[in-house]
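A.B. asks: mmCIF, C-alpha atoms; chains and numbers go by the auth columns, file data.cif:
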```
data_model
loop_
_atom_site.group_PDB
_atom_site.id
_atom_site.type_symbol
_atom_site.label_atom_id
_atom_site.label_comp_id
_atom_site.label_asym_id
_atom_site.label_seq_id
_atom_site.Cartn_x
_atom_site.Cartn_y
_atom_site.Cartn_z
_atom_site.B_iso_or_equiv
_atom_site.auth_seq_id
_atom_site.auth_asym_id
ATOM 1 C CA PHE A 1 107.645 58.117 35.822 0.00 258 A
ATOM 2 C CA MET A 2 106.450 60.962 33.666 0.00 259 A
ATOM 3 C CA GLU A 3 106.273 61.165 29.907 0.00 260 A
ATOM 4 C CA SER A 4 105.733 63.482 26.976 0.00 261 A
ATOM 5 C CA GLU A 5 104.819 62.701 23.393 0.00 262 A
ATOM 6 C CA TYR A 6 108.374 61.563 22.609 0.00 263 A
ATOM 7 C CA LEU A 7 110.136 61.049 25.927 0.00 264 A
ATOM 8 C CA VAL A 8 109.910 59.168 29.228 0.00 265 A
ATOM 9 C CA PHE A 9 111.339 60.686 32.429 0.00 266 A
ATOM 10 C CA ASP A 10 112.156 57.964 34.993 0.00 267 A
ATOM 11 C CA LYS A 11 112.611 59.295 38.531 0.00 268 A
ATOM 12 C CA TYR A 12 115.358 57.965 40.805 0.00 269 A
ATOM 13 C CA ILE A 13 116.758 59.010 44.152 0.00 270 A
ATOM 14 C CA GLY A 14 120.550 58.732 44.281 0.00 271 A
ATOM 15 C CA HIS A 15 121.926 56.961 47.364 0.00 272 A
ATOM 16 C CA ASP A 16 123.624 60.131 48.637 0.00 273 A
ATOM 17 C CA LYS A 17 121.176 62.684 47.251 0.00 274 A
ATOM 18 C CA LYS A 18 118.000 64.169 48.632 0.00 275 A
ATOM 19 C CA LEU A 19 116.797 65.463 45.281 0.00 276 A
ATOM 20 C CA PRO A 20 115.579 63.198 42.495 0.00 277 A
ATOM 21 C CA ILE A 21 117.475 62.329 39.351 0.00 278 A
ATOM 22 C CA TYR A 22 115.526 61.716 36.152 0.00 279 A
ATOM 23 C CA GLU A 23 116.712 59.466 33.347 0.00 280 A
ATOM 24 C CA VAL A 24 115.469 60.740 29.991 0.00 281 A
ATOM 25 C CA LYS A 25 114.566 57.966 27.541 0.00 282 A
ATOM 26 C CA ASN A 26 113.241 57.753 24.001 0.00 283 A
ATOM 27 C CA LYS A 27 109.614 56.681 24.393 0.00 284 A
ATOM 28 C CA ALA A 28 109.642 54.393 21.339 0.00 285 A
ATOM 29 C CA THR A 29 112.938 52.574 21.984 0.00 286 A
ATOM 30 C CA LEU A 30 113.548 53.280 25.715 0.00 287 A
ATOM 31 C CA ASP A 31 117.149 54.198 24.807 0.00 288 A
ATOM 32 C CA SER A 32 118.720 56.485 27.424 0.00 289 A
ATOM 33 C CA LEU A 33 119.262 60.026 26.140 0.00 290 A
ATOM 34 C CA GLY A 34 120.735 61.500 29.318 0.00 291 A
ATOM 35 C CA VAL A 35 119.886 62.566 32.846 0.00 292 A
ATOM 36 C CA ILE A 36 118.294 65.542 34.554 0.00 293 A
ATOM 37 C CA TYR A 37 119.645 66.414 37.982 0.00 294 A
ATOM 38 C CA PHE A 38 120.009 69.334 40.371 0.00 295 A
ATOM 39 C CA TYR A 39 123.251 71.266 39.797 0.00 296 A
ATOM 40 C CA SER A 40 123.975 72.955 43.110 0.00 297 A
ATOM 41 C CA GLY A 41 126.425 75.481 41.651 0.00 298 A
ATOM 42 C CA TRP A 42 123.598 77.053 39.654 0.00 299 A
ATOM 43 C CA ARG A 43 120.796 76.029 42.045 0.00 300 A
ATOM 44 C CA LYS A 44 118.953 74.685 39.007 0.00 301 A
ATOM 45 C CA TYR A 45 118.029 71.427 37.373 0.00 302 A
ATOM 46 C CA VAL A 46 120.149 70.671 34.300 0.00 303 A
ATOM 47 C CA PHE A 47 120.145 68.113 31.475 0.00 304 A
ATOM 48 C CA GLU A 48 123.316 66.139 30.756 0.00 305 A
ATOM 49 C CA SER A 49 123.089 64.388 27.411 0.00 306 A
ATOM 50 C CA THR A 50 124.458 60.996 26.521 0.00 307 A
ATOM 51 C CA PRO A 51 127.274 61.631 23.974 0.00 308 A
ATOM 52 C CA GLN A 52 126.562 61.302 20.256 0.00 309 A
ATOM 53 C CA ILE A 53 122.779 61.724 20.586 0.00 310 A
ATOM 54 C CA VAL A 54 121.018 63.924 18.033 0.00 311 A
ATOM 55 C CA TYR A 55 117.912 65.921 19.037 0.00 312 A
ATOM 56 C CA ASP A 56 115.331 67.787 17.037 0.00 313 A
ATOM 57 C CA ALA A 57 113.340 70.786 18.270 0.00 314 A
ATOM 58 C CA ASP A 58 110.444 68.645 19.565 0.00 315 A
ATOM 59 C CA TYR A 59 112.743 66.652 21.865 0.00 316 A
ATOM 60 C CA LEU A 60 114.491 69.795 23.094 0.00 317 A
ATOM 61 C CA ILE A 61 111.172 71.533 23.802 0.00 318 A
ATOM 62 C CA ASP A 62 109.997 68.520 25.842 0.00 319 A
ATOM 63 C CA ILE A 63 113.269 68.452 27.802 0.00 320 A
ATOM 64 C CA ALA A 64 113.170 72.219 28.431 0.00 321 A
ATOM 65 C CA LYS A 65 109.540 72.035 29.582 0.00 322 A
ATOM 66 C CA PHE A 66 110.341 69.177 31.969 0.00 323 A
ATOM 67 C CA LEU A 67 113.364 71.068 33.320 0.00 324 A
ATOM 68 C CA GLN A 68 111.165 74.078 34.019 0.00 325 A
ATOM 69 C CA ASP A 69 108.520 71.908 35.696 0.00 326 A
ATOM 70 C CA VAL A 70 110.981 70.247 38.103 0.00 327 A
ATOM 71 C CA GLN A 71 112.677 73.592 38.774 0.00 328 A
ATOM 72 C CA ASN A 72 109.314 75.153 39.660 0.00 329 A
ATOM 73 C CA GLU A 73 108.497 72.159 41.879 0.00 330 A
ATOM 74 C CA TRP A 74 111.826 72.561 43.707 0.00 331 A
ATOM 75 C CA GLU A 75 111.291 76.315 44.176 0.00 332 A
ATOM 76 C CA GLU A 76 107.773 75.706 45.518 0.00 333 A
ATOM 77 C CA GLY A 77 109.264 73.231 48.003 0.00 334 A
ATOM 78 C CA LEU A 78 111.621 75.954 49.241 0.00 335 A
ATOM 79 C CA LYS A 79 108.712 78.335 49.773 0.00 336 A
ATOM 80 C CA ASN A 80 106.759 75.674 51.669 0.00 337 A
ATOM 81 C CA ASP A 81 109.751 75.008 53.953 0.00 338 A
ATOM 82 C CA GLU A 82 109.897 78.650 55.095 0.00 339 A
#
```
Would you kindly transcribe this structure into structure tokens?

C.D. replies:
Amino acid sequence: FMESEYLVFDKYIGHDKKLPIYEVKNKATLDSLGVIYFYSGWRKYVFESTPQIVYDADYLIDIAKFLQDVQNEWEEGLKNDE
């Protein structure tokens, strides 16, 4: 798993997926906040929030940074496969 100051990103591989799925959890309580997964229609990683969760800027910055990191990792993998 990976973590930031406020969040934990647990990595899973779905049974029918090649790309990882990340569960986003509150670091202090380990409550699930949502999931990050690859959205093929956009060819990008996206965050899908658990309903009724409130975020401040620090949480959103951490989520956005993680999204960019996994997107960059995926794009690098494409370049290495060429």

A.B. asks: Between atom CA of A:Arg300 and atom CA of A:Asp326, what is the distance, to one decimal in Å?

C.D. replies: 14.4 Å

A.B. asks: Quick one: of A:Asp267, A:Glu262, A:Asp313, A:Glu333, who's nearest to A:Val292, counting all atoms listed in the file?

C.D. replies: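 When distances to A:Val292 are compared using all atoms listed in the file, the smallest one comes from A:Asp267.
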
A.B. asks: Written as a PDB file with C-alpha atoms, in the frame of the given file, what is the full residue list that the PyMOL selection byres ((chain A and resi 304-312) around 7) yields on the file shown?

C.D. replies:
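File produced: part.pdb:
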```pdb
ATOM      1  CA  LEU A 290     119.262  60.026  26.140  1.00  0.00           C
ATOM      2  CA  GLY A 291     120.735  61.500  29.318  1.00  0.00           C
ATOM      3  CA  VAL A 292     119.886  62.566  32.846  1.00  0.00           C
ATOM      4  CA  ILE A 293     118.294  65.542  34.554  1.00  0.00           C
ATOM      5  CA  TYR A 294     119.645  66.414  37.982  1.00  0.00           C
ATOM      6  CA  VAL A 303     120.149  70.671  34.300  1.00  0.00           C
ATOM      7  CA  ASP A 313     115.331  67.787  17.037  1.00  0.00           C
ATOM      8  CA  ALA A 314     113.340  70.786  18.270  1.00  0.00           C
ATOM      9  CA  TYR A 316     112.743  66.652  21.865  1.00  0.00           C
ATOM     10  CA  LEU A 317     114.491  69.795  23.094  1.00  0.00           C
TER      11      LEU A 317
END
```

A.B. asks: Could you state the separation of atom CA of A:Lys282 and atom CA of A:Gly334 in Å, given to one decimal place?

C.D. replies: 26.1 Å

A.B. asks: Got a sec to resolve the PyMOL selection byres ((chain A and resi 285) around 10) on this structure and send the residues as a PDB file with C-alpha atoms, keeping the file's coordinate frame?

C.D. replies:
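For reference, expr.pdb as written:
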```pdb
ATOM      1  CA  GLU A 262     104.819  62.701  23.393  1.00  0.00           C
ATOM      2  CA  TYR A 263     108.374  61.563  22.609  1.00  0.00           C
ATOM      3  CA  LEU A 264     110.136  61.049  25.927  1.00  0.00           C
ATOM      4  CA  VAL A 265     109.910  59.168  29.228  1.00  0.00           C
ATOM      5  CA  LYS A 282     114.566  57.966  27.541  1.00  0.00           C
ATOM      6  CA  ASN A 283     113.241  57.753  24.001  1.00  0.00           C
ATOM      7  CA  LYS A 284     109.614  56.681  24.393  1.00  0.00           C
ATOM      8  CA  THR A 286     112.938  52.574  21.984  1.00  0.00           C
ATOM      9  CA  LEU A 287     113.548  53.280  25.715  1.00  0.00           C
ATOM     10  CA  ASP A 288     117.149  54.198  24.807  1.00  0.00           C
TER      11      ASP A 288
END
```

A.B. asks: Kindly give the distance, in Å, that separates atom CA of A:Glu280 and atom CA of A:Phe266, rounded to a single decimal.

C.D. replies: 5.6 Å

A.B. asks: Which of these, A:Asn337, A:Trp299, A:Ala321, A:Met259, has the shortest distance to A:Tyr279 once you count only C-alpha atoms?

C.D. replies: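 For A:Tyr279, the nearest of the candidates is A:Met259.
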
A.B. asks: Please define a box with edges along x, y and z of the file around all atoms of stretch 328-339 of chain A given in the file, extend it by 6 Å on each side, and return its centre and edge lengths in Å to one decimal, as AutoDock Vina command-line options.

C.D. replies:
```
--center_x 109.7 --center_y 75.4 --center_z 46.9 --size_x 17.9 --size_y 18.5 --size_z 28.3
```

A.B. asks: Could you check which of A:Ser289, A:Gln325, A:Ser297, A:Ser261 is closest to A:Leu276, using only C-alpha atoms?

C.D. replies: A:Ser297

A.B. asks: For a quick check of understanding, using only C-alpha atoms, which of A:Asp338, A:Glu330, A:Asp319, A:Glu260 has the smallest distance to A:Phe295?

C.D. replies: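 Nearest candidate to A:Phe295 out of A:Asp338, A:Glu330, A:Asp319, A:Glu260: A:Glu330.
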
A.B. asks: So, with only C-alpha atoms as the atoms that count, which of A:Trp331, A:Lys301, A:Lys268, A:Tyr296 lies closest to A:Val281?

C.D. replies: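 Nearest to A:Val281: A:Lys268.
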
A.B. asks: Return the single residue from A:Tyr302, A:Ile278, A:Phe258, A:Ile270 that is closest to A:Glu332, with distances computed using only C-alpha atoms.

C.D. replies: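 Once distances to A:Glu332 are computed over only C-alpha atoms, the minimum belongs to A:Tyr302.
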